[in-house]
Amino acid sequence: MSRGGALAVPALLLVLGACAPIASYRGPRPAPGANPVMDEAAAVPTERGVTPRRRLAPEGGANDAAPRDSVTVLLYGDNRGGYRMQYHFTEYRAVTRMFQAGLGGLVKGLLLTPVFLVEAFVPTLDGPRDLVTLFTRNTRAGGESRVLEAMQPFLPVDLVISTGDVVTDGRRGRLWEQFVSRHRTLRTQNLYLAAPGNHERLDDPLAGLGWDAAIGPCPEPGRRWYVADLPDVGARFVILDSDLLSDVHGNYADSASRARATAQLDFAEQALSVPMRWKFVVLHHPPVTTGHYEEDWLPDRVGDPVPGRRTRLLEMCAHHRVTAVLAGHEHLYYRLYVADTSGAGFWEVISGGGGAPLYPIEKEALEQALSKAWPGGLTAVTGSAWGRSTFHFCRITFPPSGDGPLRMDVYEARPGGNAEHIDRVDLAKPPATGPGS
């Protein structure tokens, strides 16, 4: 065998060993930090000095532990790895859809292809490893480790919430094993809950088994929506499966899945009707986008129920005076206030900078997305909108009494795991500016 051939064999074995094939999760069941969820549960305090600081208990279950003075929640999402390439939304859309947009779209796509390739590979000088990743399917790029490290000084907290996309492909068991390993400390020392994202691929039974083992089994098969309350501060989190609602790839087009989507919205409606001081809807796909995934909520065919689901979701958030919608999906940080004609409404926070390669905030796409008017006179209060394309996490601090500010502080995760404060919002009240400003 030639010297080149001798070197090729271990190189090939190394690449094969790095693969993440479609296969079952082989880690412990349940994984450390996994939490079986219930339709409605209370995150009740444990005894002082015990970690995690809270545990899930049936709603109304007895709990004698004294509530703490400070109740905090960390929010982040889209920690999953990705390709190292970077892109701009306009070029990306033109190139990836050039064969679906007629002659004009084809010409535009061909003209922008060289620009797209330069933007994708030159900023990182890392294109070759992306090509290897295409083969291994074991995506590792991003800032997950720096986000986890930047969180450390703020721990422990009462609750950690992920807005989804914890793995790149839920059918690949090795990715679940890596997630469990990297998040072991965070999830075993803090109560950890997650909303399903699109990358978990939960339409696939194999992926569903991985989720149940790594995150925690759902109340019944395929029903990954539930309620978790912080009863001592009057906070309710309604956690939804927005992949089922938006059905971007047509995986839930059958009548049974449509019935489940309707049942999920009925569940959310009932859960939000309960009197609570603070109400949050947690889901992966933001109902109001910055433009990157606006098409997720648009109809693909005649009679598509998806746009109506978004309308119903927005209307129930306004009607039940939801405090904030907490979402991910777009790999950036963004917040805005959605208000009716009276100025009342709710905040939406997009926290998708947990580690996945970032998306730029595209001005044109953003303006188009925020210019929409939704049923019930709802509009985005543009003066409330601000964001940054950065790795980050959010920290929500509840006031010890029912009154007072509900402070959300946002921290950029800098290289080396340092946390830099970049934003503060009082989620308890609307912004100073009025609708449409």
# chains A, B, ... in the order shown; residues from 1 in each chain; ligands from 1
>>> residues_around(residues="A:Arg187", least_positions_apart="6", cutoff="12 Å", atoms="only C-alpha atoms", output="PyMOL selection string")
chain A and resi 31-35+51-55+74+148+155-162+179-181+193-194+214-216
>>> write_last_selection(atoms="N, CA, C and O atoms", output="short mmCIF file (atom, residue, chain, number, x, y, z; two decimals), in the first residue's frame")
data_model
loop_
_atom_site.label_atom_id
_atom_site.label_comp_id
_atom_site.auth_asym_id
_atom_site.auth_seq_id
_atom_site.Cartn_x
_atom_site.Cartn_y
_atom_site.Cartn_z
N ALA A 31 -32.19 10.68 30.89
CA ALA A 31 -30.89 11.35 30.95
C ALA A 31 -30.82 12.22 32.19
O ALA A 31 -31.84 12.68 32.71
N PRO A 32 -29.62 12.49 32.70
CA PRO A 32 -29.48 13.41 33.83
C PRO A 32 -30.08 14.77 33.50
O PRO A 32 -29.76 15.36 32.47
N GLY A 33 -30.98 15.23 34.35
CA GLY A 33 -31.63 16.52 34.12
C GLY A 33 -32.93 16.45 33.35
O GLY A 33 -33.61 17.46 33.20
N ALA A 34 -33.31 15.26 32.87
CA ALA A 34 -34.59 15.12 32.18
C ALA A 34 -35.73 15.22 33.18
O ALA A 34 -35.61 14.76 34.32
N ASN A 35 -36.84 15.82 32.74
CA ASN A 35 -37.99 16.00 33.63
C ASN A 35 -39.26 15.53 32.97
O ASN A 35 -39.69 16.11 31.96
N THR A 51 -30.21 21.13 45.38
CA THR A 51 -30.24 21.43 43.95
C THR A 51 -30.94 20.29 43.21
O THR A 51 -30.78 19.13 43.59
N PRO A 52 -31.69 20.64 42.18
CA PRO A 52 -32.03 22.00 41.77
C PRO A 52 -32.94 22.70 42.78
O PRO A 52 -33.50 22.07 43.66
N ARG A 53 -33.08 24.02 42.62
CA ARG A 53 -33.84 24.82 43.58
C ARG A 53 -35.34 24.53 43.50
O ARG A 53 -36.07 24.86 44.43
N ARG A 54 -35.78 23.95 42.39
CA ARG A 54 -37.21 23.63 42.23
C ARG A 54 -37.37 22.26 41.60
O ARG A 54 -36.46 21.74 40.95
N ARG A 55 -38.55 21.70 41.80
CA ARG A 55 -38.92 20.43 41.19
C ARG A 55 -40.35 20.54 40.69
O ARG A 55 -41.13 21.36 41.18
N LEU A 74 -33.76 31.81 33.55
CA LEU A 74 -32.88 32.03 32.42
C LEU A 74 -33.54 31.49 31.16
O LEU A 74 -34.13 30.41 31.17
N LEU A 148 -22.96 28.69 27.52
CA LEU A 148 -23.05 27.92 28.76
C LEU A 148 -22.09 28.45 29.80
O LEU A 148 -22.42 28.54 30.99
N LEU A 155 -25.96 31.37 37.97
CA LEU A 155 -26.61 30.16 38.45
C LEU A 155 -26.32 29.96 39.94
O LEU A 155 -25.31 30.45 40.45
N PRO A 156 -27.17 29.24 40.68
CA PRO A 156 -28.39 28.58 40.20
C PRO A 156 -29.55 29.56 40.07
O PRO A 156 -29.54 30.66 40.63
N VAL A 157 -30.57 29.14 39.31
CA VAL A 157 -31.79 29.91 39.14
C VAL A 157 -32.98 28.98 39.42
O VAL A 157 -32.82 27.78 39.62
N ASP A 158 -34.16 29.56 39.42
CA ASP A 158 -35.35 28.75 39.70
C ASP A 158 -35.78 27.92 38.51
O ASP A 158 -36.39 26.86 38.66
N LEU A 159 -35.48 28.41 37.31
CA LEU A 159 -35.93 27.71 36.12
C LEU A 159 -35.07 28.13 34.93
O LEU A 159 -34.74 29.30 34.79
N VAL A 160 -34.70 27.15 34.10
CA VAL A 160 -34.05 27.42 32.81
C VAL A 160 -35.01 26.95 31.73
O VAL A 160 -35.51 25.82 31.77
N ILE A 161 -35.27 27.84 30.76
CA ILE A 161 -36.19 27.51 29.66
C ILE A 161 -35.44 27.61 28.35
O ILE A 161 -34.79 28.63 28.06
N SER A 162 -35.54 26.57 27.54
CA SER A 162 -35.01 26.58 26.18
C SER A 162 -36.15 26.76 25.19
O SER A 162 -37.19 26.11 25.31
N PHE A 179 -25.65 16.49 23.50
CA PHE A 179 -26.42 17.50 24.23
C PHE A 179 -26.49 17.17 25.72
O PHE A 179 -26.25 18.03 26.57
N VAL A 180 -26.80 15.92 26.03
CA VAL A 180 -26.90 15.50 27.43
C VAL A 180 -25.57 15.71 28.15
O VAL A 180 -25.52 16.19 29.29
N SER A 181 -24.47 15.40 27.48
CA SER A 181 -23.16 15.54 28.10
C SER A 181 -22.81 17.01 28.32
O SER A 181 -22.38 17.41 29.41
N LEU A 193 -36.58 23.11 31.37
CA LEU A 193 -37.72 22.78 30.51
C LEU A 193 -37.43 23.30 29.11
O LEU A 193 -36.72 24.29 28.94
N ALA A 194 -38.02 22.66 28.11
CA ALA A 194 -37.76 23.05 26.72
C ALA A 194 -39.02 22.95 25.89
O ALA A 194 -39.88 22.09 26.12
N ALA A 214 -33.95 12.27 26.57
CA ALA A 214 -33.02 13.34 26.90
C ALA A 214 -33.70 14.51 27.60
O ALA A 214 -33.14 15.08 28.54
N ILE A 215 -34.89 14.90 27.15
CA ILE A 215 -35.59 16.05 27.71
C ILE A 215 -36.60 15.62 28.78
O ILE A 215 -36.70 16.24 29.84
N GLY A 216 -37.35 14.57 28.49
CA GLY A 216 -38.34 14.07 29.44
C GLY A 216 -39.60 13.66 28.70
O GLY A 216 -40.00 14.32 27.72
#
>>> select_by_dssp(residues="stretch 243-315 of chain A", states="strand (DSSP E or B)", output="list in words")
Trp278, Lys279, Phe280, Val281 and Val282 of chain A
>>> residues_around(residues="A:Leu112", least_positions_apart="5", cutoff="8 Å", atoms="only C-alpha atoms", output="list in words")
Glu91, Ala94 and Val95 of chain A
>>> select_by_dssp(residues="stretch 151-186 of chain A", states="alpha helix (DSSP H)", output="PyMOL selection string")
chain A and resi 151+173-182+184-186
>>> residues_around(residues="A:Leu326", least_positions_apart="2", cutoff="8 Å", atoms="only C-alpha atoms", output="list in words")
Thr163, Phe280, Val281, Val282, Leu283, Pro286, Ala324, Gly328, Glu348, Val349, Ile350 and Ser351 of chain A
>>> write_last_selection(atoms="N, CA and C atoms", output="PDB file, in the first residue's frame")
ATOM      1  N   THR A 163     -35.939  27.646  24.212  1.00  0.00           N
ATOM      2  CA  THR A 163     -36.956  27.858  23.184  1.00  0.00           C
ATOM      3  C   THR A 163     -36.829  26.874  22.025  1.00  0.00           C
ATOM      4  N   PHE A 280     -46.932  33.546  30.298  1.00  0.00           N
ATOM      5  CA  PHE A 280     -45.963  33.457  29.209  1.00  0.00           C
ATOM      6  C   PHE A 280     -46.356  32.313  28.272  1.00  0.00           C
ATOM      7  N   VAL A 281     -46.189  32.556  26.983  1.00  0.00           N
ATOM      8  CA  VAL A 281     -46.299  31.504  25.984  1.00  0.00           C
ATOM      9  C   VAL A 281     -44.896  31.230  25.470  1.00  0.00           C
ATOM     10  N   VAL A 282     -44.454  29.981  25.572  1.00  0.00           N
ATOM     11  CA  VAL A 282     -43.115  29.591  25.135  1.00  0.00           C
ATOM     12  C   VAL A 282     -43.260  28.677  23.931  1.00  0.00           C
ATOM     13  N   LEU A 283     -42.632  29.023  22.827  1.00  0.00           N
ATOM     14  CA  LEU A 283     -42.675  28.197  21.622  1.00  0.00           C
ATOM     15  C   LEU A 283     -41.461  28.519  20.772  1.00  0.00           C
ATOM     16  N   PRO A 286     -41.458  32.129  16.275  1.00  0.00           N
ATOM     17  CA  PRO A 286     -42.085  33.380  16.720  1.00  0.00           C
ATOM     18  C   PRO A 286     -43.280  33.737  15.847  1.00  0.00           C
ATOM     19  N   ALA A 324     -45.695  37.936  27.947  1.00  0.00           N
ATOM     20  CA  ALA A 324     -44.702  37.877  26.874  1.00  0.00           C
ATOM     21  C   ALA A 324     -44.783  36.540  26.168  1.00  0.00           C
ATOM     22  N   GLY A 328     -37.815  31.370  19.748  1.00  0.00           N
ATOM     23  CA  GLY A 328     -36.459  31.201  19.239  1.00  0.00           C
ATOM     24  C   GLY A 328     -36.473  31.186  17.725  1.00  0.00           C
ATOM     25  N   GLU A 348     -42.978  40.326  22.761  1.00  0.00           N
ATOM     26  CA  GLU A 348     -42.429  39.115  22.158  1.00  0.00           C
ATOM     27  C   GLU A 348     -40.920  39.208  22.235  1.00  0.00           C
ATOM     28  N   VAL A 349     -40.308  38.139  22.723  1.00  0.00           N
ATOM     29  CA  VAL A 349     -38.851  38.061  22.851  1.00  0.00           C
ATOM     30  C   VAL A 349     -38.367  36.885  22.011  1.00  0.00           C
ATOM     31  N   ILE A 350     -37.499  37.151  21.063  1.00  0.00           N
ATOM     32  CA  ILE A 350     -36.864  36.091  20.275  1.00  0.00           C
ATOM     33  C   ILE A 350     -35.472  35.882  20.842  1.00  0.00           C
ATOM     34  N   SER A 351     -35.269  34.729  21.439  1.00  0.00           N
ATOM     35  CA  SER A 351     -33.966  34.383  22.014  1.00  0.00           C
ATOM     36  C   SER A 351     -33.476  33.117  21.319  1.00  0.00           C
TER      37      SER A 351
END
>>> residues_around(residues="A:Asn79", least_positions_apart="5", cutoff="10 Å", atoms="only C-alpha atoms", output="list in words")
Gly142, Gly143, Glu144, Ser145, Val147, Leu148, Ser162, Thr163, Gly164, Asp165, Val166, Val167, Thr168, Phe179, His331, Gly352, Gly353, Gly354, Gly355, Ala356, Pro357 and Phe391 of chain A
>>> residues_around(residues="A:Glu420", least_positions_apart="5", cutoff="10 Å", atoms="only C-alpha atoms", output="compact mmCIF listing (two decimals) with N, CA and C atoms, in the first residue's frame")
# COMPACT_ATOMS: atom_id res chain seq x y z
N ALA A 150 -20.91 31.58 29.95
CA ALA A 150 -21.33 32.92 30.38
C ALA A 150 -22.49 32.86 31.36
N HIS A 392 -26.23 34.89 23.14
CA HIS A 392 -26.75 35.58 24.32
C HIS A 392 -27.63 34.65 25.15
N VAL A 410 -30.59 41.14 29.36
CA VAL A 410 -30.04 40.33 28.28
C VAL A 410 -28.53 40.48 28.28
N TYR A 411 -27.83 39.35 28.16
CA TYR A 411 -26.38 39.34 28.23
C TYR A 411 -25.80 38.70 26.97
N GLU A 412 -24.89 39.40 26.36
CA GLU A 412 -24.14 38.84 25.24
C GLU A 412 -23.05 37.92 25.78
N ALA A 413 -22.92 36.75 25.18
CA ALA A 413 -21.87 35.82 25.57
C ALA A 413 -20.64 36.10 24.71
N ARG A 414 -19.65 36.68 25.32
CA ARG A 414 -18.44 37.07 24.61
C ARG A 414 -17.46 35.90 24.54
